[in-house]
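Structure below is coords-v7.cif: mmCIF, C-alpha atoms.
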```cif
data_upload
#
loop_
_atom_site.label_atom_id
_atom_site.label_comp_id
_atom_site.auth_asym_id
_atom_site.auth_seq_id
_atom_site.Cartn_x
_atom_site.Cartn_y
_atom_site.Cartn_z
CA MET A 1 69.10 -131.45 -69.08
CA GLY A 2 69.93 -130.59 -72.70
CA LEU A 3 73.27 -130.25 -74.40
CA SER A 4 74.47 -126.82 -75.43
CA ILE A 5 76.05 -127.21 -78.87
CA MET A 6 78.39 -124.32 -79.63
CA MET A 7 78.86 -124.48 -83.40
CA TRP A 8 79.39 -127.30 -85.89
CA PHE A 9 82.57 -127.35 -88.00
CA ARG A 10 82.94 -129.45 -91.16
CA SER A 11 85.88 -131.62 -91.97
CA CYS A 12 88.29 -129.98 -94.40
CA PHE A 13 88.70 -133.28 -96.27
CA TYR A 14 86.50 -131.99 -99.11
CA PRO A 15 87.69 -128.38 -99.48
CA GLY A 16 86.56 -128.04 -103.12
CA ASN A 17 83.08 -129.47 -102.65
CA PRO A 18 80.96 -127.69 -100.01
CA ASP A 19 78.02 -130.04 -100.72
CA ALA A 20 79.96 -133.22 -99.96
CA SER A 21 78.84 -135.15 -96.92
CA GLY A 22 81.29 -135.83 -94.15
CA VAL A 23 82.17 -135.37 -90.53
CA GLN A 24 81.12 -132.44 -88.40
CA VAL A 25 82.70 -131.57 -85.05
CA SER A 26 81.49 -129.40 -82.21
CA GLU A 27 82.40 -128.62 -78.63
CA ILE A 28 79.79 -128.79 -75.88
CA GLU A 29 79.65 -127.62 -72.31
CA VAL A 30 78.83 -130.37 -69.84
CA PRO A 31 77.20 -128.87 -66.75
CA TYR A 32 77.67 -130.55 -63.39
CA ASN A 33 80.39 -132.87 -64.66
CA ALA A 34 83.17 -133.17 -62.11
CA THR A 35 85.85 -134.44 -64.51
CA HIS A 36 85.18 -132.50 -67.71
CA ASP A 37 83.67 -129.11 -68.39
CA ARG A 38 83.73 -129.51 -72.20
CA MET A 39 83.52 -132.44 -74.57
CA ILE A 40 84.01 -132.86 -78.31
CA VAL A 41 81.09 -134.21 -80.36
CA LEU A 42 81.37 -135.88 -83.76
CA ARG A 43 78.46 -136.53 -86.17
CA HIS A 44 77.82 -137.26 -89.85
CA SER A 45 76.52 -134.32 -91.88
CA ASP A 46 74.04 -136.52 -93.78
CA ASN A 47 72.28 -137.43 -90.53
CA PRO A 48 72.62 -134.48 -88.14
CA SER A 49 69.95 -135.78 -85.76
CA GLY A 50 71.44 -139.28 -85.78
CA PRO A 51 74.01 -140.84 -83.47
CA MET A 52 76.93 -138.80 -82.19
CA LEU A 53 80.27 -139.75 -80.68
CA PHE A 54 81.44 -137.94 -77.53
CA PHE A 55 85.09 -137.46 -76.57
CA THR A 56 86.79 -135.86 -73.62
CA SER A 57 89.40 -133.29 -74.58
CA ALA A 58 92.20 -135.78 -73.82
CA GLU A 59 90.54 -138.52 -75.90
CA TRP A 60 90.04 -136.13 -78.82
CA HIS A 61 93.67 -134.97 -78.76
CA ALA A 62 94.88 -138.58 -78.64
CA PHE A 63 92.62 -139.42 -81.62
CA VAL A 64 93.83 -136.44 -83.68
CA ASP A 65 97.48 -137.13 -82.77
CA GLY A 66 96.99 -140.76 -83.84
CA ILE A 67 95.77 -139.57 -87.23
CA ARG A 68 98.59 -137.05 -87.64
CA THR A 69 101.29 -139.58 -86.78
CA GLU A 70 99.54 -142.30 -88.83
CA GLU A 71 99.50 -144.50 -85.73
CA LEU A 72 95.84 -145.35 -86.44
CA TYR A 73 96.71 -146.68 -89.92
CA ARG A 74 98.80 -149.57 -88.61
#
```
As structure tokens - that is how I would like this structure written.
Amino acid sequence: MGLSIMMWFRSCFYPGNPDASGVQVSEIEVPYNATHDRMIVLRHSDNPSGPMLFFTSAEWHAFVDGIRTEELYR
């Protein structure tokens, strides 16, 4: 069973340099998964076929909220 990647989005950390490497994020559908129908996938743009991190929607929102509130910097 393969993953169905929707579309990759680049981090906006380097808005002035479109050739800069960085993080890419996508949303995937997870068929036959009783607890989640979609997950968030994170990869590095320099190695698109390399390792990826997978997050449930709740995990992703907690991660992003932690960045916004600077909780992850402590």
### Query
Mind pulling up the distance from atom CA of A:Trp60 to atom CA of A:Trp8?
15.5 Å
### Task
List the residues selected by the PyMOL selection byres ((chain A and resi 23) around 9) in the file shown, writing them as a list in words.
Phe9, Arg10, Ser11, Phe13, Ser21, Gly22, Gln24, Val25, Leu42, Arg43, His44, Ser45 and Asp46 of chain A
### Query
Written as JSON, numbers by chain, which residues does the PyMOL selection byres ((chain A and resi 51-59) around 12) give for the file shown?
{"A": [3, 23, 24, 25, 26, 27, 28, 29, 30, 33, 35, 36, 37, 38, 39, 40, 41, 42, 43, 44, 45, 46, 47, 48, 49, 50, 60, 61, 62, 63, 64, 65, 66]}
